[in-house]
$ cat my_file03.pdb   # PDB, C-alpha atoms and all ligand atoms
ATOM      1  CA  MET L   1     -10.422  13.807   4.375  1.00  0.00           C
ATOM      2  CA  ILE L   2      -7.066  12.144   4.647  1.00  0.00           C
ATOM      3  CA  LYS L   3      -7.286   8.617   5.969  1.00  0.00           C
ATOM      4  CA  ILE L   4      -4.712   7.667   8.569  1.00  0.00           C
ATOM      5  CA  PRO L   5      -3.793   4.051   7.862  1.00  0.00           C
ATOM      6  CA  THR L   6      -4.538   1.501  10.551  1.00  0.00           C
ATOM      7  CA  LYS L   7      -1.462  -0.568  11.384  1.00  0.00           C
ATOM      8  CA  VAL L   8      -2.765  -4.108  11.112  1.00  0.00           C
ATOM      9  CA  LEU L   9      -1.016  -7.351  11.984  1.00  0.00           C
ATOM     10  CA  LEU L  10      -2.447 -10.514  10.422  1.00  0.00           C
ATOM     11  CA  VAL L  11      -1.625 -13.703  12.318  1.00  0.00           C
ATOM     12  CA  ASP L  12      -2.789 -16.893  10.618  1.00  0.00           C
ATOM     13  CA  ASP L  13      -1.133 -20.153   9.621  1.00  0.00           C
ATOM     14  CA  GLU L  14      -2.973 -20.259   6.260  1.00  0.00           C
ATOM     15  CA  GLU L  15      -0.522 -18.488   3.984  1.00  0.00           C
ATOM     16  CA  ASP L  16      -2.888 -18.021   1.015  1.00  0.00           C
ATOM     17  CA  PHE L  17      -5.509 -16.492   3.270  1.00  0.00           C
ATOM     18  CA  VAL L  18      -2.993 -14.127   4.877  1.00  0.00           C
ATOM     19  CA  GLU L  19      -1.664 -12.967   1.534  1.00  0.00           C
ATOM     20  CA  MET L  20      -5.116 -12.418   0.039  1.00  0.00           C
ATOM     21  CA  LEU L  21      -6.318 -10.496   3.081  1.00  0.00           C
ATOM     22  CA  SER L  22      -3.117  -8.479   3.202  1.00  0.00           C
ATOM     23  CA  LEU L  23      -3.592  -7.363  -0.415  1.00  0.00           C
ATOM     24  CA  ARG L  24      -7.182  -6.328   0.165  1.00  0.00           C
ATOM     25  CA  LEU L  25      -6.359  -4.384   3.317  1.00  0.00           C
ATOM     26  CA  LYS L  26      -3.512  -2.628   1.528  1.00  0.00           C
ATOM     27  CA  GLU L  27      -5.970  -1.657  -1.215  1.00  0.00           C
ATOM     28  CA  LEU L  28      -8.010   0.035   1.518  1.00  0.00           C
ATOM     29  CA  GLY L  29      -4.901   1.987   2.473  1.00  0.00           C
ATOM     30  CA  GLU L  30      -4.041   0.096   5.660  1.00  0.00           C
ATOM     31  CA  LYS L  31      -0.478  -0.667   6.729  1.00  0.00           C
ATOM     32  CA  VAL L  32      -0.221  -4.440   6.975  1.00  0.00           C
ATOM     33  CA  SER L  33       2.270  -6.737   8.701  1.00  0.00           C
ATOM     34  CA  ILE L  34       1.944 -10.497   8.544  1.00  0.00           C
ATOM     35  CA  ALA L  35       2.888 -13.434  10.728  1.00  0.00           C
ATOM     36  CA  TYR L  36       2.248 -17.150  10.227  1.00  0.00           C
ATOM     37  CA  SER L  37       2.283 -18.208  13.876  1.00  0.00           C
ATOM     38  CA  GLY L  38       1.449 -16.864  17.311  1.00  0.00           C
ATOM     39  CA  GLN L  39       5.108 -16.600  18.267  1.00  0.00           C
ATOM     40  CA  GLU L  40       5.969 -14.783  15.051  1.00  0.00           C
ATOM     41  CA  GLY L  41       3.076 -12.415  15.757  1.00  0.00           C
ATOM     42  CA  LEU L  42       4.389 -11.640  19.246  1.00  0.00           C
ATOM     43  CA  ASP L  43       7.879 -11.066  17.853  1.00  0.00           C
ATOM     44  CA  THR L  44       6.426  -8.646  15.305  1.00  0.00           C
ATOM     45  CA  LEU L  45       4.617  -6.714  18.045  1.00  0.00           C
ATOM     46  CA  VAL L  46       7.934  -6.174  19.833  1.00  0.00           C
ATOM     47  CA  THR L  47       9.530  -4.532  16.796  1.00  0.00           C
ATOM     48  CA  THR L  48       6.587  -2.938  14.954  1.00  0.00           C
ATOM     49  CA  PRO L  49       3.919  -0.501  16.149  1.00  0.00           C
ATOM     50  CA  ILE L  50       0.521  -2.157  15.625  1.00  0.00           C
ATOM     51  CA  ASP L  51      -3.036  -0.886  16.218  1.00  0.00           C
ATOM     52  CA  VAL L  52      -5.075  -4.016  15.557  1.00  0.00           C
ATOM     53  CA  VAL L  53      -4.220  -7.719  15.354  1.00  0.00           C
ATOM     54  CA  ILE L  54      -6.425  -9.996  13.267  1.00  0.00           C
ATOM     55  CA  LEU L  55      -5.776 -13.322  14.936  1.00  0.00           C
ATOM     56  CA  ASP L  56      -6.597 -16.825  13.795  1.00  0.00           C
ATOM     57  CA  ILE L  57      -7.704 -19.024  16.683  1.00  0.00           C
ATOM     58  CA  LYS L  58      -6.746 -22.363  15.178  1.00  0.00           C
ATOM     59  CA  MET L  59      -3.004 -22.517  14.658  1.00  0.00           C
ATOM     60  CA  PRO L  60      -0.442 -25.216  15.310  1.00  0.00           C
ATOM     61  CA  GLY L  61       1.919 -24.563  18.208  1.00  0.00           C
ATOM     62  CA  MET L  62       0.788 -21.555  20.191  1.00  0.00           C
ATOM     63  CA  ASP L  63      -2.938 -21.314  19.442  1.00  0.00           C
ATOM     64  CA  GLY L  64      -4.934 -18.121  19.096  1.00  0.00           C
ATOM     65  CA  ILE L  65      -6.220 -17.995  22.676  1.00  0.00           C
ATOM     66  CA  GLU L  66      -2.739 -18.427  24.097  1.00  0.00           C
ATOM     67  CA  THR L  67      -1.441 -15.790  21.694  1.00  0.00           C
ATOM     68  CA  LEU L  68      -4.280 -13.455  22.697  1.00  0.00           C
ATOM     69  CA  ARG L  69      -3.373 -13.842  26.392  1.00  0.00           C
ATOM     70  CA  GLU L  70       0.229 -12.908  25.662  1.00  0.00           C
ATOM     71  CA  ILE L  71      -0.751  -9.956  23.464  1.00  0.00           C
ATOM     72  CA  LYS L  72      -3.046  -8.554  26.155  1.00  0.00           C
ATOM     73  CA  LYS L  73      -0.388  -9.098  28.821  1.00  0.00           C
ATOM     74  CA  GLN L  74       2.465  -7.491  26.893  1.00  0.00           C
ATOM     75  CA  PHE L  75       0.581  -4.964  24.719  1.00  0.00           C
ATOM     76  CA  PRO L  76      -2.702  -4.193  26.500  1.00  0.00           C
ATOM     77  CA  LEU L  77      -3.641  -1.309  24.205  1.00  0.00           C
ATOM     78  CA  VAL L  78      -3.395  -3.356  21.021  1.00  0.00           C
ATOM     79  CA  GLU L  79      -6.871  -4.423  19.889  1.00  0.00           C
ATOM     80  CA  VAL L  80      -7.498  -7.972  18.710  1.00  0.00           C
ATOM     81  CA  ILE L  81     -10.124  -9.348  16.348  1.00  0.00           C
ATOM     82  CA  MET L  82     -10.312 -13.133  16.379  1.00  0.00           C
ATOM     83  CA  LEU L  83     -10.966 -15.349  13.404  1.00  0.00           C
ATOM     84  CA  THR L  84     -12.826 -18.471  14.456  1.00  0.00           C
ATOM     85  CA  GLY L  85     -14.087 -21.529  12.670  1.00  0.00           C
ATOM     86  CA  HIS L  86     -17.654 -22.767  12.681  1.00  0.00           C
ATOM     87  CA  GLY L  87     -18.706 -24.148  16.041  1.00  0.00           C
ATOM     88  CA  SER L  88     -16.119 -22.176  17.985  1.00  0.00           C
ATOM     89  CA  THR L  89     -18.453 -19.592  19.435  1.00  0.00           C
ATOM     90  CA  GLU L  90     -17.361 -20.676  22.919  1.00  0.00           C
ATOM     91  CA  THR L  91     -13.775 -19.883  22.046  1.00  0.00           C
ATOM     92  CA  ALA L  92     -14.876 -16.522  20.669  1.00  0.00           C
ATOM     93  CA  VAL L  93     -16.656 -15.715  23.926  1.00  0.00           C
ATOM     94  CA  GLU L  94     -13.604 -16.802  25.921  1.00  0.00           C
ATOM     95  CA  GLY L  95     -11.432 -14.567  23.759  1.00  0.00           C
ATOM     96  CA  MET L  96     -13.658 -11.569  24.285  1.00  0.00           C
ATOM     97  CA  LYS L  97     -13.539 -12.121  28.038  1.00  0.00           C
ATOM     98  CA  LEU L  98      -9.760 -12.069  27.709  1.00  0.00           C
ATOM     99  CA  GLY L  99      -9.978  -8.655  26.068  1.00  0.00           C
ATOM    100  CA  ALA L 100     -10.449  -9.278  22.356  1.00  0.00           C
ATOM    101  CA  PHE L 101     -12.481  -6.526  20.665  1.00  0.00           C
ATOM    102  CA  ASP L 102     -14.631  -8.876  18.599  1.00  0.00           C
ATOM    103  CA  TYR L 103     -14.560 -11.987  16.457  1.00  0.00           C
ATOM    104  CA  LEU L 104     -15.386 -13.062  12.935  1.00  0.00           C
ATOM    105  CA  MET L 105     -16.411 -16.458  11.706  1.00  0.00           C
ATOM    106  CA  LYS L 106     -14.278 -17.860   8.899  1.00  0.00           C
ATOM    107  CA  PRO L 107     -14.600 -17.459   5.956  1.00  0.00           C
ATOM    108  CA  ALA L 108     -14.911 -13.846   7.008  1.00  0.00           C
ATOM    109  CA  ASP L 109     -16.820 -11.402   4.832  1.00  0.00           C
ATOM    110  CA  PHE L 110     -14.444  -8.598   3.907  1.00  0.00           C
ATOM    111  CA  GLY L 111     -17.067  -5.900   4.522  1.00  0.00           C
ATOM    112  CA  ASP L 112     -17.635  -7.206   8.057  1.00  0.00           C
ATOM    113  CA  LEU L 113     -13.938  -7.442   8.626  1.00  0.00           C
ATOM    114  CA  SER L 114     -13.201  -3.888   7.557  1.00  0.00           C
ATOM    115  CA  ALA L 115     -16.115  -2.580   9.663  1.00  0.00           C
ATOM    116  CA  LYS L 116     -14.792  -4.389  12.746  1.00  0.00           C
ATOM    117  CA  LEU L 117     -11.301  -3.204  11.998  1.00  0.00           C
ATOM    118  CA  GLU L 118     -12.555   0.370  11.997  1.00  0.00           C
ATOM    119  CA  GLY L 119     -14.356  -0.212  15.300  1.00  0.00           C
ATOM    120  CA  ALA L 120     -11.247  -1.681  16.888  1.00  0.00           C
ATOM    121  CA  ARG L 121      -9.095   1.193  15.680  1.00  0.00           C
ATOM    122  CA  LYS L 122     -11.605   3.671  17.069  1.00  0.00           C
ATOM    123  CA  ARG L 123     -11.597   1.969  20.467  1.00  0.00           C
ATOM    124  CA  LYS L 124      -7.803   2.088  20.573  1.00  0.00           C
ATOM    125  CA  ASP L 125      -7.695   5.776  19.595  1.00  0.00           C
ATOM    126  CA  GLU L 126     -10.275   6.661  22.254  1.00  0.00           C
ATOM    127  CA  GLN L 127      -8.470   4.705  24.950  1.00  0.00           C
ATOM    128  CA  GLU L 128      -5.159   6.364  24.073  1.00  0.00           C
ATOM    129  CA  GLU L 129      -6.849   9.759  24.191  1.00  0.00           C
ATOM    130  CA  ARG L 130      -8.215   9.026  27.680  1.00  0.00           C
ATOM    131  CA  ILE L 131      -4.741   7.994  28.824  1.00  0.00           C
ATOM    132  CA  ARG L 132      -3.219  11.184  27.367  1.00  0.00           C
ATOM    133  CA  LYS L 133      -5.762  13.312  29.220  1.00  0.00           C
ATOM    134  CA  ALA L 134      -5.121  11.462  32.484  1.00  0.00           C
ATOM    135  CA  GLU L 135      -1.383  11.918  32.026  1.00  0.00           C
ATOM    136  CA  VAL L 136      -1.801  15.647  31.480  1.00  0.00           C
ATOM    137  CA  LYS L 137      -3.873  15.866  34.679  1.00  0.00           C
ATOM    138  CA  LEU L 138      -1.195  13.974  36.549  1.00  0.00           C
ATOM    139  CA  LEU L 139       1.523  16.286  35.254  1.00  0.00           C
ATOM    140  CA  VAL L 140      -0.446  19.366  36.243  1.00  0.00           C
ATOM    141  CA  ARG L 141      -1.019  17.952  39.726  1.00  0.00           C
ATOM    142  CA  LYS L 142       2.641  16.997  40.160  1.00  0.00           C
ATOM    143  CA  SER L 143       3.815  20.427  39.096  1.00  0.00           C
ATOM    144  CA  GLY L 144       1.634  21.937  41.812  1.00  0.00           C
ATOM    145  CA  GLY L 145      -0.689  23.580  39.370  1.00  0.00           C
ATOM    146  CA  LEU L 146      -4.438  23.211  39.332  1.00  0.00           C
ATOM    147  CA  SER L 147      -5.665  20.735  41.877  1.00  0.00           C
TER     148      SER L 147
HETATM  149 MG    MG L 201      -5.585 -21.724  11.194  1.00  0.00          MG
END
$ encode --input "my_file03.pdb" --output "structure tokens"
Amino acid sequence: MIKIPTKVLLVDDEEDFVEMLSLRLKELGEKVSIAYSGQEGLDTLVTTPIDVVILDIKMPGMDGIETLREIKKQFPLVEVIMLTGHGSTETAVEGMKLGAFDYLMKPADFGDLSAKLEGARKRKDEQEERIRKAEVKLLVRKSGGLS
């Protein structure tokens, strides 16, 4: 079976971590974009189609929660997986209430991360499929076809 790459955006201020994770995700066949701040991440989303954002919560400037709010406001179909530090379960819960798919505690296990990435991608695909079906129904109704 041919794997369709997931378009992933990594947003984290730790450059070494971003580069290491980017390499490993590319080895899995994913298409990876990187950003080192929340603002840079949002700018990337404007210019680049993305399925899933892996988002660090603790960043200088615009933090992860603020970035998450903006992502969900501007790109509601993009899924977000948060990376949190120890003792930030409350932040993780807050993020999920704001629409994040899930979270991972840093240092994240790569197996867990790739499993969650797959889950997030699946949720996005399913949601887009539901929207497509609803749009087809709408078109049929508008054209005076089946009611
Ligand atoms: Mg950080």
$ residues_around --input "my_file03.pdb" --residues "segment 55-58 of chain L" --least-positions-apart "4" --cutoff "8 Å" --atoms "all atoms listed in the file" --output "ChimeraX atom specification"
/L:10-13,63-65,68,80-85
$ atom_distance --input "my_file03.pdb" --atom1 "atom CA of Ile71 of chain L" --atom2 "atom CA of Glu90 of chain L"
19.8 Å
$ atom_distance --input "my_file03.pdb" --atom1 "atom CA of Glu79 of chain L" --atom2 "atom CA of Phe17 of chain L"
20.6 Å
$ closest_residue --input "my_file03.pdb" --among "L:Met105, L:Ala115, L:Met59, L:Ile4" --to "ligand MG 201 (chain L)" --atoms "all atoms listed in the file"
L:Met59
$ closest_residue --input "my_file03.pdb" --among "L:Pro49, L:Gly95, L:Gly61, L:Pro76" --to "ligand MG 201 (chain L)" --atoms "all atoms listed in the file"
L:Gly61
$ closest_residue --input "my_file03.pdb" --among "L:Ile2, L:Leu117, L:Val18, L:Leu9" --to "ligand MG 201 (chain L)" --atoms "all atoms listed in the file"
L:Val18
$ closest_residue --input "my_file03.pdb" --among "L:Ala92, L:Met62, L:Ile54, L:Leu104" --to "Val78 of chain L" --atoms "only C-alpha atoms"
L:Ile54
$ build_atoms --input "my_file03.pdb" --residues "segment 11-41 of chain L" --atoms "N, CA and C atoms" --output "compact mmCIF listing (two decimals), in the coordinates of the input"
# COMPACT_ATOMS: atom_id res chain seq x y z
N VAL L 11 -2.29 -12.50 11.79
CA VAL L 11 -1.62 -13.70 12.32
C VAL L 11 -2.50 -14.91 11.98
N ASP L 12 -2.02 -15.73 11.07
CA ASP L 12 -2.79 -16.89 10.62
C ASP L 12 -1.82 -17.86 9.95
N ASP L 13 -2.03 -19.15 10.22
CA ASP L 13 -1.13 -20.15 9.62
C ASP L 13 -1.46 -20.46 8.16
N GLU L 14 -2.62 -20.00 7.67
CA GLU L 14 -2.97 -20.26 6.26
C GLU L 14 -2.37 -19.16 5.38
N GLU L 15 -1.28 -19.50 4.72
CA GLU L 15 -0.52 -18.49 3.98
C GLU L 15 -1.32 -17.82 2.87
N ASP L 16 -2.10 -18.60 2.12
CA ASP L 16 -2.89 -18.02 1.01
C ASP L 16 -3.88 -17.00 1.55
N PHE L 17 -4.51 -17.37 2.66
CA PHE L 17 -5.51 -16.49 3.27
C PHE L 17 -4.85 -15.18 3.73
N VAL L 18 -3.71 -15.30 4.38
CA VAL L 18 -2.99 -14.13 4.88
C VAL L 18 -2.60 -13.21 3.73
N GLU L 19 -2.11 -13.80 2.65
CA GLU L 19 -1.66 -12.97 1.53
C GLU L 19 -2.83 -12.27 0.84
N MET L 20 -3.94 -13.00 0.67
CA MET L 20 -5.12 -12.42 0.04
C MET L 20 -5.66 -11.27 0.88
N LEU L 21 -5.78 -11.52 2.17
CA LEU L 21 -6.32 -10.50 3.08
C LEU L 21 -5.38 -9.28 3.15
N SER L 22 -4.11 -9.56 3.17
CA SER L 22 -3.12 -8.48 3.20
C SER L 22 -3.27 -7.55 1.99
N LEU L 23 -3.42 -8.16 0.81
CA LEU L 23 -3.59 -7.36 -0.42
C LEU L 23 -4.83 -6.49 -0.33
N ARG L 24 -5.93 -7.09 0.12
CA ARG L 24 -7.18 -6.33 0.16
C ARG L 24 -7.11 -5.19 1.18
N LEU L 25 -6.48 -5.45 2.31
CA LEU L 25 -6.36 -4.38 3.32
C LEU L 25 -5.44 -3.27 2.82
N LYS L 26 -4.41 -3.64 2.09
CA LYS L 26 -3.51 -2.63 1.53
C LYS L 26 -4.25 -1.78 0.50
N GLU L 27 -5.14 -2.41 -0.26
CA GLU L 27 -5.97 -1.66 -1.22
C GLU L 27 -6.82 -0.61 -0.51
N LEU L 28 -7.22 -0.92 0.73
CA LEU L 28 -8.01 0.04 1.52
C LEU L 28 -7.14 1.13 2.12
N GLY L 29 -5.81 0.97 1.96
CA GLY L 29 -4.90 1.99 2.47
C GLY L 29 -4.33 1.67 3.84
N GLU L 30 -4.57 0.45 4.34
CA GLU L 30 -4.04 0.10 5.66
C GLU L 30 -2.57 -0.32 5.54
N LYS L 31 -1.88 -0.25 6.70
CA LYS L 31 -0.48 -0.67 6.73
C LYS L 31 -0.46 -2.08 7.33
N VAL L 32 -0.04 -3.05 6.56
CA VAL L 32 -0.22 -4.44 6.98
C VAL L 32 1.10 -5.15 7.25
N SER L 33 1.17 -5.82 8.40
CA SER L 33 2.27 -6.74 8.70
C SER L 33 1.68 -8.13 8.78
N ILE L 34 2.48 -9.14 8.49
CA ILE L 34 1.94 -10.50 8.54
C ILE L 34 2.83 -11.43 9.36
N ALA L 35 2.17 -12.41 9.97
CA ALA L 35 2.89 -13.43 10.73
C ALA L 35 2.14 -14.75 10.55
N TYR L 36 2.87 -15.85 10.49
CA TYR L 36 2.25 -17.15 10.23
C TYR L 36 2.12 -18.03 11.47
N SER L 37 2.48 -17.46 12.62
CA SER L 37 2.28 -18.21 13.88
C SER L 37 2.13 -17.20 15.02
N GLY L 38 1.63 -17.72 16.14
CA GLY L 38 1.45 -16.86 17.31
C GLY L 38 2.77 -16.25 17.76
N GLN L 39 3.80 -17.08 17.82
CA GLN L 39 5.11 -16.60 18.27
C GLN L 39 5.65 -15.53 17.33
N GLU L 40 5.51 -15.76 16.03
CA GLU L 40 5.97 -14.78 15.05
C GLU L 40 5.19 -13.47 15.21
N GLY L 41 3.90 -13.60 15.52
CA GLY L 41 3.08 -12.42 15.76
C GLY L 41 3.58 -11.61 16.95
